[in-house]
file coords-v8.tsv (TSV, C-alpha atoms)
chain	number	residue	atom	x	y	z
A	1	MET	CA	-98.12	351.04	75.43
A	2	VAL	CA	-97.96	347.92	77.63
A	3	SER	CA	-94.29	347.39	76.87
A	4	CYS	CA	-93.65	351.03	77.68
A	5	LEU	CA	-95.32	350.65	81.09
A	6	LEU	CA	-93.34	347.49	81.71
A	7	LEU	CA	-90.13	349.31	80.93
A	8	VAL	CA	-90.95	352.02	83.44
A	9	SER	CA	-91.89	349.57	86.18
A	10	CYS	CA	-88.82	347.46	85.58
A	11	LYS	CA	-86.50	350.41	85.78
A	12	GLU	CA	-83.98	349.69	88.50
A	13	GLU	CA	-84.59	351.68	91.63
A	14	GLU	CA	-81.98	354.30	92.42
A	15	LYS	CA	-79.45	352.72	94.72
A	16	THR	CA	-78.98	354.29	98.14
A	17	LEU	CA	-76.14	353.33	100.41
A	18	PRO	CA	-77.01	351.67	103.72
A	19	VAL	CA	-75.69	352.79	107.11
A	20	LEU	CA	-73.24	350.06	108.04
A	21	GLY	CA	-72.23	348.63	111.40
A	22	ASN	CA	-73.90	347.47	114.58
A	23	ASN	CA	-76.20	349.86	116.40
A	24	LYS	CA	-74.83	351.54	119.51
A	25	ILE	CA	-76.55	352.42	122.77
A	26	VAL	CA	-76.23	356.10	123.65
A	27	ASP	CA	-77.98	357.43	126.79
A	28	GLY	CA	-80.15	354.31	126.85
A	29	GLU	CA	-81.21	354.75	123.24
A	30	GLU	CA	-80.31	352.54	120.30
A	31	VAL	CA	-78.71	354.56	117.50
A	32	PRO	CA	-77.06	353.56	114.22
A	33	HIS	CA	-73.31	352.96	114.27
A	34	PHE	CA	-71.25	356.13	114.07
A	35	ILE	CA	-67.59	357.15	114.21
A	36	PRO	CA	-66.80	358.56	117.67
A	37	ASP	CA	-65.24	362.00	118.11
A	38	PHE	CA	-61.54	362.23	117.36
A	39	ALA	CA	-58.87	364.92	117.21
A	40	TYR	CA	-55.57	364.23	115.44
A	41	LEU	CA	-52.56	366.20	114.26
A	42	SER	CA	-52.22	366.43	110.50
A	43	GLN	CA	-48.99	366.50	108.48
A	44	ASP	CA	-49.21	370.29	108.73
A	45	SER	CA	-49.58	370.01	112.53
A	46	ALA	CA	-53.17	371.27	112.31
A	47	ILE	CA	-55.81	369.60	114.47
A	48	ILE	CA	-58.25	367.61	112.39
A	49	THR	CA	-61.49	366.50	114.06
A	50	ASN	CA	-64.49	364.66	112.72
A	51	GLU	CA	-66.47	367.81	113.49
A	52	PHE	CA	-64.28	369.56	110.89
A	53	LEU	CA	-64.72	366.68	108.47
A	54	LYS	CA	-68.52	366.88	108.80
A	55	LYS	CA	-68.57	369.51	106.10
A	56	HIS	CA	-67.30	366.82	103.75
A	57	ILE	CA	-67.57	363.14	103.07
A	58	TYR	CA	-64.32	361.30	103.60
A	59	LEU	CA	-62.43	358.12	102.86
A	60	ALA	CA	-60.38	356.65	105.70
A	61	ASP	CA	-57.67	354.04	106.03
A	62	CYS	CA	-55.13	353.00	108.67
A	63	PHE	CA	-51.50	352.59	107.65
A	64	PHE	CA	-47.88	353.37	108.53
A	65	THR	CA	-45.10	354.61	106.30
A	66	HIS	CA	-42.64	351.81	107.14
A	67	CYS	CA	-45.24	349.15	106.27
A	68	PRO	CA	-43.69	346.84	103.70
A	69	SER	CA	-46.75	344.69	102.98
A	70	ILE	CA	-50.27	345.87	102.08
A	71	CYS	CA	-49.98	349.64	102.72
A	72	PRO	CA	-48.38	350.61	99.39
A	73	LYS	CA	-51.21	348.85	97.53
A	74	VAL	CA	-53.88	350.55	99.64
A	75	THR	CA	-52.09	353.91	99.37
A	76	LYS	CA	-52.05	353.55	95.58
A	77	GLN	CA	-55.84	353.15	95.64
A	78	MET	CA	-56.25	356.10	98.03
A	79	LEU	CA	-54.15	358.09	95.58
A	80	ARG	CA	-56.49	357.03	92.79
A	81	ILE	CA	-59.47	358.42	94.73
A	82	HIS	CA	-57.45	361.56	95.60
A	83	ASP	CA	-56.67	362.16	91.93
A	84	GLU	CA	-60.25	361.51	90.79
A	85	TYR	CA	-61.70	364.01	93.29
A	86	LYS	CA	-58.83	366.49	93.20
A	87	SER	CA	-61.05	369.40	92.26
A	88	ASN	CA	-64.07	368.41	94.38
A	89	ASP	CA	-63.74	369.91	97.86
A	90	LYS	CA	-66.67	367.82	99.14
A	91	VAL	CA	-64.40	364.77	99.27
A	92	LYS	CA	-61.51	364.43	101.72
A	93	LEU	CA	-59.18	361.57	102.58
A	94	VAL	CA	-57.71	360.66	105.97
A	95	SER	CA	-54.99	358.13	106.75
A	96	PHE	CA	-54.35	357.33	110.41
A	97	THR	CA	-50.84	356.20	111.21
A	98	LEU	CA	-50.56	353.07	113.35
A	99	ASP	CA	-46.92	353.90	114.08
A	100	PRO	CA	-46.96	357.42	115.60
A	101	LYS	CA	-43.48	357.00	117.10
A	102	ARG	CA	-41.83	356.97	113.68
A	103	ASP	CA	-44.58	358.68	111.68
A	104	THR	CA	-44.25	362.18	113.10
A	105	PRO	CA	-46.18	364.97	111.33
A	106	ASP	CA	-42.87	365.92	109.66
A	107	ARG	CA	-42.37	362.47	108.25
A	108	LEU	CA	-46.01	362.27	107.18
A	109	LYS	CA	-45.59	365.58	105.38
A	110	MET	CA	-42.56	364.25	103.53
A	111	TYR	CA	-44.42	361.03	102.70
A	112	GLY	CA	-47.32	363.08	101.32
A	113	ASP	CA	-44.91	365.23	99.32
A	114	ASN	CA	-43.39	362.10	97.83
A	115	LEU	CA	-46.89	360.99	96.85
A	116	ASP	CA	-47.48	364.39	95.32
A	117	ILE	CA	-50.73	364.92	97.25
A	118	ASP	CA	-52.77	368.01	98.03
A	119	HIS	CA	-52.21	368.41	101.80
A	120	ASP	CA	-55.58	370.14	102.15
A	121	LYS	CA	-57.39	367.19	100.62
A	122	TRP	CA	-55.62	364.19	102.12
A	123	TYR	CA	-54.81	364.37	105.83
A	124	MET	CA	-52.20	362.01	107.23
A	125	LEU	CA	-53.06	361.86	110.90
A	126	HIS	CA	-50.86	361.40	113.94
A	127	GLY	CA	-52.17	360.57	117.43
A	128	ASP	CA	-51.97	358.18	120.35
A	129	LYS	CA	-51.22	354.65	119.18
A	130	GLU	CA	-53.69	352.71	121.35
A	131	ALA	CA	-56.47	355.22	120.68
A	132	THR	CA	-55.78	354.88	116.94
A	133	TYR	CA	-56.01	351.08	117.13
A	134	ASP	CA	-59.42	351.50	118.82
A	135	LEU	CA	-60.53	354.15	116.32
A	136	CYS	CA	-59.49	352.00	113.35
A	137	PHE	CA	-61.66	349.24	114.81
A	138	GLU	CA	-64.61	351.66	114.61
A	139	PHE	CA	-63.80	351.93	110.89
A	140	PHE	CA	-63.99	348.07	110.71
A	141	ILE	CA	-60.19	347.96	110.37
A	142	SER	CA	-58.37	345.56	112.67
A	143	ALA	CA	-54.89	346.50	113.87
A	144	MET	CA	-52.62	344.84	116.42
A	145	ASP	CA	-48.96	344.59	117.29
A	146	ASP	CA	-47.52	341.38	115.90
A	147	GLU	CA	-43.81	340.60	115.94
A	148	LEU	CA	-44.26	338.13	113.10
A	149	ALA	CA	-46.08	340.58	110.82
A	150	PRO	CA	-44.08	342.55	108.24
A	151	GLY	CA	-43.23	345.87	109.89
A	152	GLY	CA	-44.40	344.63	113.32
A	153	ILE	CA	-48.07	345.59	112.96
A	154	ASN	CA	-50.78	343.33	111.64
A	155	HIS	CA	-53.68	345.24	110.15
A	156	SER	CA	-56.34	345.06	107.46
A	157	GLY	CA	-56.49	347.31	104.40
A	158	GLN	CA	-60.06	348.56	104.07
A	159	ILE	CA	-60.84	351.97	102.65
A	160	VAL	CA	-63.97	353.26	104.36
A	161	LEU	CA	-66.47	355.85	103.11
A	162	VAL	CA	-67.95	358.09	105.84
A	163	ASP	CA	-70.84	360.50	105.35
A	164	GLN	CA	-71.49	363.92	106.92
A	165	GLN	CA	-73.35	362.33	109.85
A	166	ASN	CA	-70.32	360.20	110.84
A	167	HIS	CA	-71.89	357.03	109.44
A	168	ILE	CA	-70.00	354.44	107.45
A	169	ARG	CA	-71.82	354.04	104.15
A	170	ALA	CA	-69.48	351.79	102.17
A	171	PHE	CA	-66.06	350.20	102.27
A	172	ALA	CA	-63.71	348.23	100.04
A	173	ASP	CA	-60.64	346.09	100.29
A	174	GLY	CA	-58.00	348.67	99.45
A	175	THR	CA	-55.63	346.04	98.08
A	176	ASP	CA	-58.13	345.14	95.35
A	177	PRO	CA	-58.42	347.73	92.53
A	178	GLU	CA	-61.69	346.17	91.30
A	179	ALA	CA	-63.29	346.54	94.73
A	180	VAL	CA	-62.18	350.19	94.69
A	181	ASP	CA	-63.91	350.58	91.28
A	182	ASP	CA	-67.15	349.83	93.15
A	183	LEU	CA	-66.21	352.18	95.98
A	184	LEU	CA	-65.73	354.97	93.45
A	185	LYS	CA	-69.30	354.35	92.27
A	186	ASP	CA	-70.48	354.46	95.90
A	187	ILE	CA	-68.80	357.85	96.39
A	188	LYS	CA	-70.82	359.15	93.42
A	189	ILE	CA	-74.05	357.82	94.94
A	190	LEU	CA	-73.30	359.50	98.28
A	191	LEU	CA	-72.42	362.80	96.62
A	192	LYS	CA	-75.72	362.65	94.74
A	193	GLU	CA	-77.57	362.00	98.00
A	194	ILE	CA	-75.97	365.08	99.57
A	195	GLU	CA	-76.78	367.18	96.55
A	196	GLU	CA	-80.41	366.09	96.61
A	197	LYS	CA	-80.71	366.84	100.35
A	198	SER	CA	-79.31	370.33	99.92
A	199	ASN	CA	-81.81	371.15	97.16
B	1	MET	CA	-46.25	347.49	92.89
B	2	ALA	CA	-46.69	344.04	91.44
B	3	ASP	CA	-46.48	345.37	87.87
B	4	GLY	CA	-43.20	347.19	88.56
B	5	THR	CA	-44.63	350.66	88.05
B	6	GLY	CA	-43.75	351.82	91.58
B	7	LEU	CA	-45.58	354.47	93.56
B	8	LYS	CA	-44.59	358.07	92.81
B	9	LYS	CA	-41.41	358.95	94.74
B	10	ILE	CA	-42.13	356.40	97.48
B	11	TYR	CA	-41.19	353.35	95.42
B	12	PRO	CA	-39.24	354.07	92.25
B	13	SER	CA	-40.56	352.39	89.14
B	14	LEU	CA	-38.61	349.44	87.77
B	15	LYS	CA	-40.47	349.37	84.50
B	16	ASN	CA	-39.17	351.77	81.85
B	17	ASN	CA	-36.73	353.29	84.35
B	18	SER	CA	-33.58	354.01	82.39
B	19	LYS	CA	-31.56	354.35	85.60
B	20	VAL	CA	-32.24	350.69	86.32
B	21	TRP	CA	-31.73	349.36	82.83
B	22	ASN	CA	-28.96	351.45	81.20
B	23	GLY	CA	-26.29	349.08	82.46
B	24	SER	CA	-24.72	351.47	84.96
B	25	LEU	CA	-26.29	349.68	87.94
B	26	ASN	CA	-24.99	346.39	89.25
B	27	LEU	CA	-28.41	344.84	89.84
B	28	PRO	CA	-27.28	341.72	91.74
B	29	CYS	CA	-25.35	343.89	94.23
B	30	LEU	CA	-28.23	346.32	94.54
B	31	ILE	CA	-30.51	343.45	95.52
B	32	ARG	CA	-28.05	341.98	98.02
B	33	GLU	CA	-26.74	345.18	99.58
B	34	GLY	CA	-29.65	347.58	99.19
B	35	HIS	CA	-29.28	351.24	98.39
B	36	LYS	CA	-29.15	354.38	100.48
B	37	GLY	CA	-28.96	357.96	99.39
B	38	ASN	CA	-32.48	358.71	98.30
B	39	ILE	CA	-34.79	360.32	100.78
B	40	LEU	CA	-37.36	358.36	102.75
B	41	SER	CA	-38.69	355.03	101.53
B	42	ALA	CA	-36.94	355.21	98.22
B	43	ASP	CA	-34.02	353.68	100.12
B	44	MET	CA	-33.82	350.03	99.23
B	45	PRO	CA	-33.32	347.49	102.03
B	46	ALA	CA	-30.53	344.90	101.78
B	47	PHE	CA	-31.36	341.24	101.28
B	48	ALA	CA	-28.02	339.86	102.42
B	49	LYS	CA	-29.33	336.37	103.09
B	50	LEU	CA	-30.26	335.64	99.47
B	51	THR	CA	-28.15	333.01	97.72
B	52	VAL	CA	-26.56	333.59	94.30
B	53	ALA	CA	-29.19	331.30	92.76
B	54	GLU	CA	-32.03	333.32	94.33
B	55	ILE	CA	-30.53	336.62	93.18
B	56	SER	CA	-30.07	335.13	89.73
B	57	ASN	CA	-33.75	334.19	89.65
B	58	ILE	CA	-34.81	337.69	90.68
B	59	VAL	CA	-32.58	339.41	88.11
B	60	ASN	CA	-33.85	337.19	85.32
B	61	PHE	CA	-37.45	337.64	86.42
B	62	LEU	CA	-36.97	341.42	86.28
B	63	HIS	CA	-35.39	341.29	82.83
B	64	HIS	CA	-38.13	339.06	81.46
B	65	SER	CA	-41.14	340.71	83.05
B	66	MET	CA	-40.10	344.36	82.97
B	67	ASN	CA	-37.43	344.97	80.44
B	68	ASP	CA	-35.63	343.25	77.60
B	69	GLN	CA	-36.25	339.49	77.87
B	70	LYS	CA	-32.49	339.14	78.32
B	71	THR	CA	-31.23	336.06	80.15
B	72	VAL	CA	-28.31	336.64	82.50
B	73	SER	CA	-26.22	333.56	83.24
B	74	PHE	CA	-25.55	332.28	86.73
B	75	SER	CA	-21.81	332.83	86.27
B	76	ALA	CA	-22.32	336.45	85.15
B	77	ILE	CA	-24.38	337.11	88.29
B	78	LYS	CA	-21.70	335.47	90.40
B	79	SER	CA	-18.94	337.63	88.92
B	80	GLN	CA	-21.01	340.81	89.39
B	81	LEU	CA	-21.51	339.88	93.04
B	82	ASN	CA	-17.75	339.23	93.39
B	83	GLU	CA	-17.06	342.66	91.91
B	84	CYS	CA	-18.94	344.47	94.65
B	85	GLU	CA	-17.58	342.11	97.29
B	86	GLN	CA	-14.05	343.15	96.28
B	87	ARG	CA	-14.91	346.83	96.38
B	88	LYS	CA	-15.64	346.59	100.12
call {"tool": "encode", "arguments": {"input": "coords-v8.tsv", "output": "structure tokens"}}
result
Amino acid sequence: MVSCLLLVSCKEEEKTLPVLGNNKIVDGEEVPHFIPDFAYLSQDSAIITNEFLKKHIYLADCFFTHCPSICPKVTKQMLRIHDEYKSNDKVKLVSFTLDPKRDTPDRLKMYGDNLDIDHDKWYMLHGDKEATYDLCFEFFISAMDDELAPGGINHSGQIVLVDQQNHIRAFADGTDPEAVDDLLKDIKILLKEIEEKSN
Amino acid sequence: MADGTGLKKIYPSLKNNSKVWNGSLNLPCLIREGHKGNILSADMPAFAKLTVAEISNIVNFLHHSMNDQKTVSFSAIKSQLNECEQRK
């Protein structure tokens, strides 16, 4: 009996994901970090906003198709998540191009085709370059022009998990498959949280 | 990718890719001069600055890590590079 009680009390508490990032001040009030409003053109030249994405949870990264360094590794991990959640419409993926001059929606469409992706699941987004650098920073991803960097842009390769309230709930180094193993577990936890809230 | 498996149609796979290993490709020239003709990023950039010794190292690394453990001699690499030089 005692051992049984011990087992129950020692049972690990269900993990919930924290809201990440520094609080912001909005209208004089302190609120948890959130992703600001954005509107970008997708590879199908449709406008994708975070209002639209609110019906889903999404994974985000910042990249460019001519990137010879970390992007292919990160893209491979994004593809892994894409394939795992292919039939689950709750999960979307967005990749913001840091090189909108060359990465036109047409080129992004071709890039997506070459990756064999579902264009209604994974949006490759095109918008103003400076605004994208700032937006990526909101996703904890640093990006800057750097002549010495491969491809001319220095940036980090995080994959970020965003919930339906625009909050970042988890992230992983997209160049590290083991870190993405953990992120996949975090996606499951977030999906469970949504399911429980809707019940 | 580091293991040579490529990434869909973006980066062709080196591992188990018969087009690379059936002997019809002149690998040393491909490395030095690159390759155009495929759409998008499947084009391969040229690495014209590589020395014969560096190209030899790359070719042997590829054979040993991704294919048949075959060792290609320095002189064989040199003559393959001369072949494509003469074709210009």
call {"tool": "residues_around", "arguments": {"input": "coords-v8.tsv", "residues": "Ala76 in chain B", "least_positions_apart": "5", "cutoff": "12 Å", "atoms": "all atoms listed in the file", "output": "PyMOL selection string"}}
result
chain B and resi 26-28+52-53+55-56+59-60+71+81-83
call {"tool": "closest_atom_pairs", "arguments": {"input": "coords-v8.tsv", "of": "chain A", "to": "chain B", "cutoff": "7 Å", "atoms": "only C-alpha atoms", "output": "CSV"}}
result
residue,atom,partner,partner_atom,distance
A:Lys73,CA,B:Met1,CA,6.9
A:Lys76,CA,B:Leu7,CA,6.8
A:Asn114,CA,B:Lys9,CA,4.8
A:Leu115,CA,B:Lys8,CA,5.5
call {"tool": "closest_residue", "arguments": {"input": "coords-v8.tsv", "among": "A:Pro68, A:Gly112, A:Gly127, A:Gly174", "to": "Ile141 in chain A", "atoms": "all atoms listed in the file"}}
result
A:Gly174
call {"tool": "atom_distance", "arguments": {"input": "coords-v8.tsv", "atom1": "CA of Asn199 in chain A", "atom2": "CA of Glu51 in chain A"}}
result
22.7 Å
call {"tool": "axis_aligned_box", "arguments": {"input": "coords-v8.tsv", "around": "range 9-16 of chain B", "padding_each_side": "6 Å", "output": "JSON"}}
result
{"center_x": -40.4, "center_y": 354.2, "center_z": 89.7, "size_x": 15.5, "size_y": 21.6, "size_z": 27.6}
call {"tool": "residues_around", "arguments": {"input": "coords-v8.tsv", "residues": "Val31 in chain A", "least_positions_apart": "5", "cutoff": "12 Å", "atoms": "only C-alpha atoms", "output": "VMD selection string"}}
result
chain A and resid 19 to 26 167
call {"tool": "residues_around", "arguments": {"input": "coords-v8.tsv", "residues": "range 16-18 of chain A", "least_positions_apart": "6", "cutoff": "10 Å", "atoms": "only C-alpha atoms", "output": "list of chain:residue names"}}
result
A:His167, A:Ile168, A:Arg169, A:Ala170, A:Asp186, A:Ile187, A:Ile189, A:Leu190, A:Lys192, A:Glu193
call {"tool": "write_last_selection", "arguments": {"input": "coords-v8.tsv", "atoms": "C-alpha atoms", "output": "CSV table (one decimal), in the frame of the given file"}}
result
chain,number,residue,atom,x,y,z
A,167,HIS,CA,-71.9,357.0,109.4
A,168,ILE,CA,-70.0,354.4,107.4
A,169,ARG,CA,-71.8,354.0,104.2
A,170,ALA,CA,-69.5,351.8,102.2
A,186,ASP,CA,-70.5,354.5,95.9
A,187,ILE,CA,-68.8,357.8,96.4
A,189,ILE,CA,-74.0,357.8,94.9
A,190,LEU,CA,-73.3,359.5,98.3
A,192,LYS,CA,-75.7,362.6,94.7
A,193,GLU,CA,-77.6,362.0,98.0
call {"tool": "atom_distance", "arguments": {"input": "coords-v8.tsv", "atom1": "CA of Ser79 in chain B", "atom2": "CA of Pro12 in chain B"}}
result
26.3 Å
call {"tool": "atom_distance", "arguments": {"input": "coords-v8.tsv", "atom1": "CA of Asp37 in chain A", "atom2": "CA of Val180 in chain A"}}
result
26.4 Å
call {"tool": "residues_around", "arguments": {"input": "coords-v8.tsv", "residues": "Thr175 in chain A", "least_positions_apart": "3", "cutoff": "10 Å", "atoms": "all atoms listed in the file", "output": "ChimeraX atom specification"}}
result
/A:70-77,156-159,172,178-180
call {"tool": "write_last_selection", "arguments": {"input": "coords-v8.tsv", "atoms": "C-alpha atoms", "output": "mmCIF file, keeping the file's coordinate frame"}}
result
data_model
loop_
_atom_site.group_PDB
_atom_site.id
_atom_site.type_symbol
_atom_site.label_atom_id
_atom_site.label_comp_id
_atom_site.auth_asym_id
_atom_site.auth_seq_id
_atom_site.Cartn_x
_atom_site.Cartn_y
_atom_site.Cartn_z
ATOM 1 C CA ILE A 70 -50.270 345.870 102.080
ATOM 2 C CA CYS A 71 -49.980 349.640 102.720
ATOM 3 C CA PRO A 72 -48.380 350.610 99.390
ATOM 4 C CA LYS A 73 -51.210 348.850 97.530
ATOM 5 C CA VAL A 74 -53.880 350.550 99.640
ATOM 6 C CA THR A 75 -52.090 353.910 99.370
ATOM 7 C CA LYS A 76 -52.050 353.550 95.580
ATOM 8 C CA GLN A 77 -55.840 353.150 95.640
ATOM 9 C CA SER A 156 -56.340 345.060 107.460
ATOM 10 C CA GLY A 157 -56.490 347.310 104.400
ATOM 11 C CA GLN A 158 -60.060 348.560 104.070
ATOM 12 C CA ILE A 159 -60.840 351.970 102.650
ATOM 13 C CA ALA A 172 -63.710 348.230 100.040
ATOM 14 C CA GLU A 178 -61.690 346.170 91.300
ATOM 15 C CA ALA A 179 -63.290 346.540 94.730
ATOM 16 C CA VAL A 180 -62.180 350.190 94.690
#
call {"tool": "closest_residue", "arguments": {"input": "coords-v8.tsv", "among": "A:Ser95, A:Ser198, A:Asn88, A:Asn154", "to": "Leu125 in chain A", "atoms": "all atoms listed in the file"}}
result
A:Ser95
call {"tool": "closest_residue", "arguments": {"input": "coords-v8.tsv", "among": "A:Lys197, A:Lys185, A:Lys129, A:Lys101", "to": "Leu161 in chain A", "atoms": "all atoms listed in the file"}}
result
A:Lys185
call {"tool": "decode", "arguments": {"input": "coords-v8.tsv", "residues": "range 94-116 of chain A", "atoms": "N, CA, C and O atoms", "output": "short mmCIF file (atom, residue, chain, number, x, y, z; two decimals), in the first residue's frame"}}
result
data_model
loop_
_atom_site.label_atom_id
_atom_site.label_comp_id
_atom_site.auth_asym_id
_atom_site.auth_seq_id
_atom_site.Cartn_x
_atom_site.Cartn_y
_atom_site.Cartn_z
N VAL A 94 6.64 27.56 -41.44
CA VAL A 94 6.91 28.77 -42.22
C VAL A 94 8.42 29.01 -42.27
O VAL A 94 9.12 28.87 -41.26
N SER A 95 8.90 29.34 -43.46
CA SER A 95 10.32 29.69 -43.63
C SER A 95 10.37 31.06 -44.27
O SER A 95 9.85 31.27 -45.36
N PHE A 96 10.99 32.01 -43.55
CA PHE A 96 11.10 33.38 -44.07
C PHE A 96 12.40 33.51 -44.83
O PHE A 96 13.47 33.21 -44.29
N THR A 97 12.33 34.00 -46.08
CA THR A 97 13.58 34.18 -46.80
C THR A 97 14.26 35.49 -46.38
O THR A 97 13.62 36.53 -46.24
N LEU A 98 15.57 35.39 -46.18
CA LEU A 98 16.39 36.55 -45.82
C LEU A 98 16.94 37.22 -47.08
O LEU A 98 17.66 38.20 -47.01
N ASP A 99 16.61 36.65 -48.24
CA ASP A 99 17.16 37.13 -49.51
C ASP A 99 16.01 37.31 -50.52
O ASP A 99 15.95 36.61 -51.53
N PRO A 100 15.09 38.26 -50.22
CA PRO A 100 13.89 38.37 -51.06
C PRO A 100 14.18 38.77 -52.50
O PRO A 100 13.37 38.51 -53.39
N LYS A 101 15.33 39.40 -52.74
CA LYS A 101 15.67 39.82 -54.10
C LYS A 101 15.78 38.59 -55.02
O LYS A 101 15.23 38.58 -56.11
N ARG A 102 16.46 37.59 -54.56
CA ARG A 102 16.61 36.38 -55.39
C ARG A 102 15.51 35.36 -55.12
O ARG A 102 15.09 34.65 -56.03
N ASP A 103 15.05 35.30 -53.88
CA ASP A 103 14.01 34.31 -53.53
C ASP A 103 12.62 34.89 -53.79
O ASP A 103 11.89 35.22 -52.86
N THR A 104 12.26 34.99 -55.04
CA THR A 104 10.92 35.45 -55.40
C THR A 104 9.93 34.32 -55.08
O THR A 104 10.35 33.16 -54.94
N PRO A 105 8.63 34.62 -55.00
CA PRO A 105 7.68 33.52 -54.76
C PRO A 105 7.84 32.38 -55.78
O PRO A 105 7.75 31.21 -55.42
N ASP A 106 8.13 32.74 -57.03
CA ASP A 106 8.34 31.71 -58.06
C ASP A 106 9.47 30.76 -57.70
O ASP A 106 9.36 29.55 -57.83
N ARG A 107 10.58 31.37 -57.30
CA ARG A 107 11.74 30.55 -56.96
C ARG A 107 11.46 29.71 -55.71
O ARG A 107 11.85 28.55 -55.62
N LEU A 108 10.75 30.32 -54.75
CA LEU A 108 10.43 29.59 -53.53
C LEU A 108 9.50 28.41 -53.84
O LEU A 108 9.62 27.34 -53.24
N LYS A 109 8.63 28.62 -54.83
CA LYS A 109 7.73 27.53 -55.23
C LYS A 109 8.55 26.38 -55.82
O LYS A 109 8.34 25.20 -55.48
N MET A 110 9.52 26.75 -56.67
CA MET A 110 10.34 25.72 -57.29
C MET A 110 11.19 24.98 -56.23
O MET A 110 11.35 23.77 -56.29
N TYR A 111 11.68 25.76 -55.28
CA TYR A 111 12.49 25.18 -54.20
C TYR A 111 11.63 24.18 -53.40
O TYR A 111 12.07 23.07 -53.09
N GLY A 112 10.41 24.59 -53.11
CA GLY A 112 9.48 23.71 -52.38
C GLY A 112 9.15 22.46 -53.19
O GLY A 112 9.08 21.36 -52.65
N ASP A 113 8.96 22.66 -54.50
CA ASP A 113 8.70 21.50 -55.37
C ASP A 113 9.88 20.53 -55.32
O ASP A 113 9.68 19.31 -55.24
N ASN A 114 11.08 21.09 -55.35
CA ASN A 114 12.26 20.22 -55.32
C ASN A 114 12.44 19.51 -53.99
O ASN A 114 13.13 18.50 -53.89
N LEU A 115 11.79 20.08 -52.95
CA LEU A 115 11.81 19.41 -51.64
C LEU A 115 10.63 18.45 -51.49
O LEU A 115 10.52 17.75 -50.50
N ASP A 116 9.74 18.52 -52.49
CA ASP A 116 8.58 17.64 -52.48
C ASP A 116 7.65 17.94 -51.30
O ASP A 116 7.18 17.02 -50.61
#
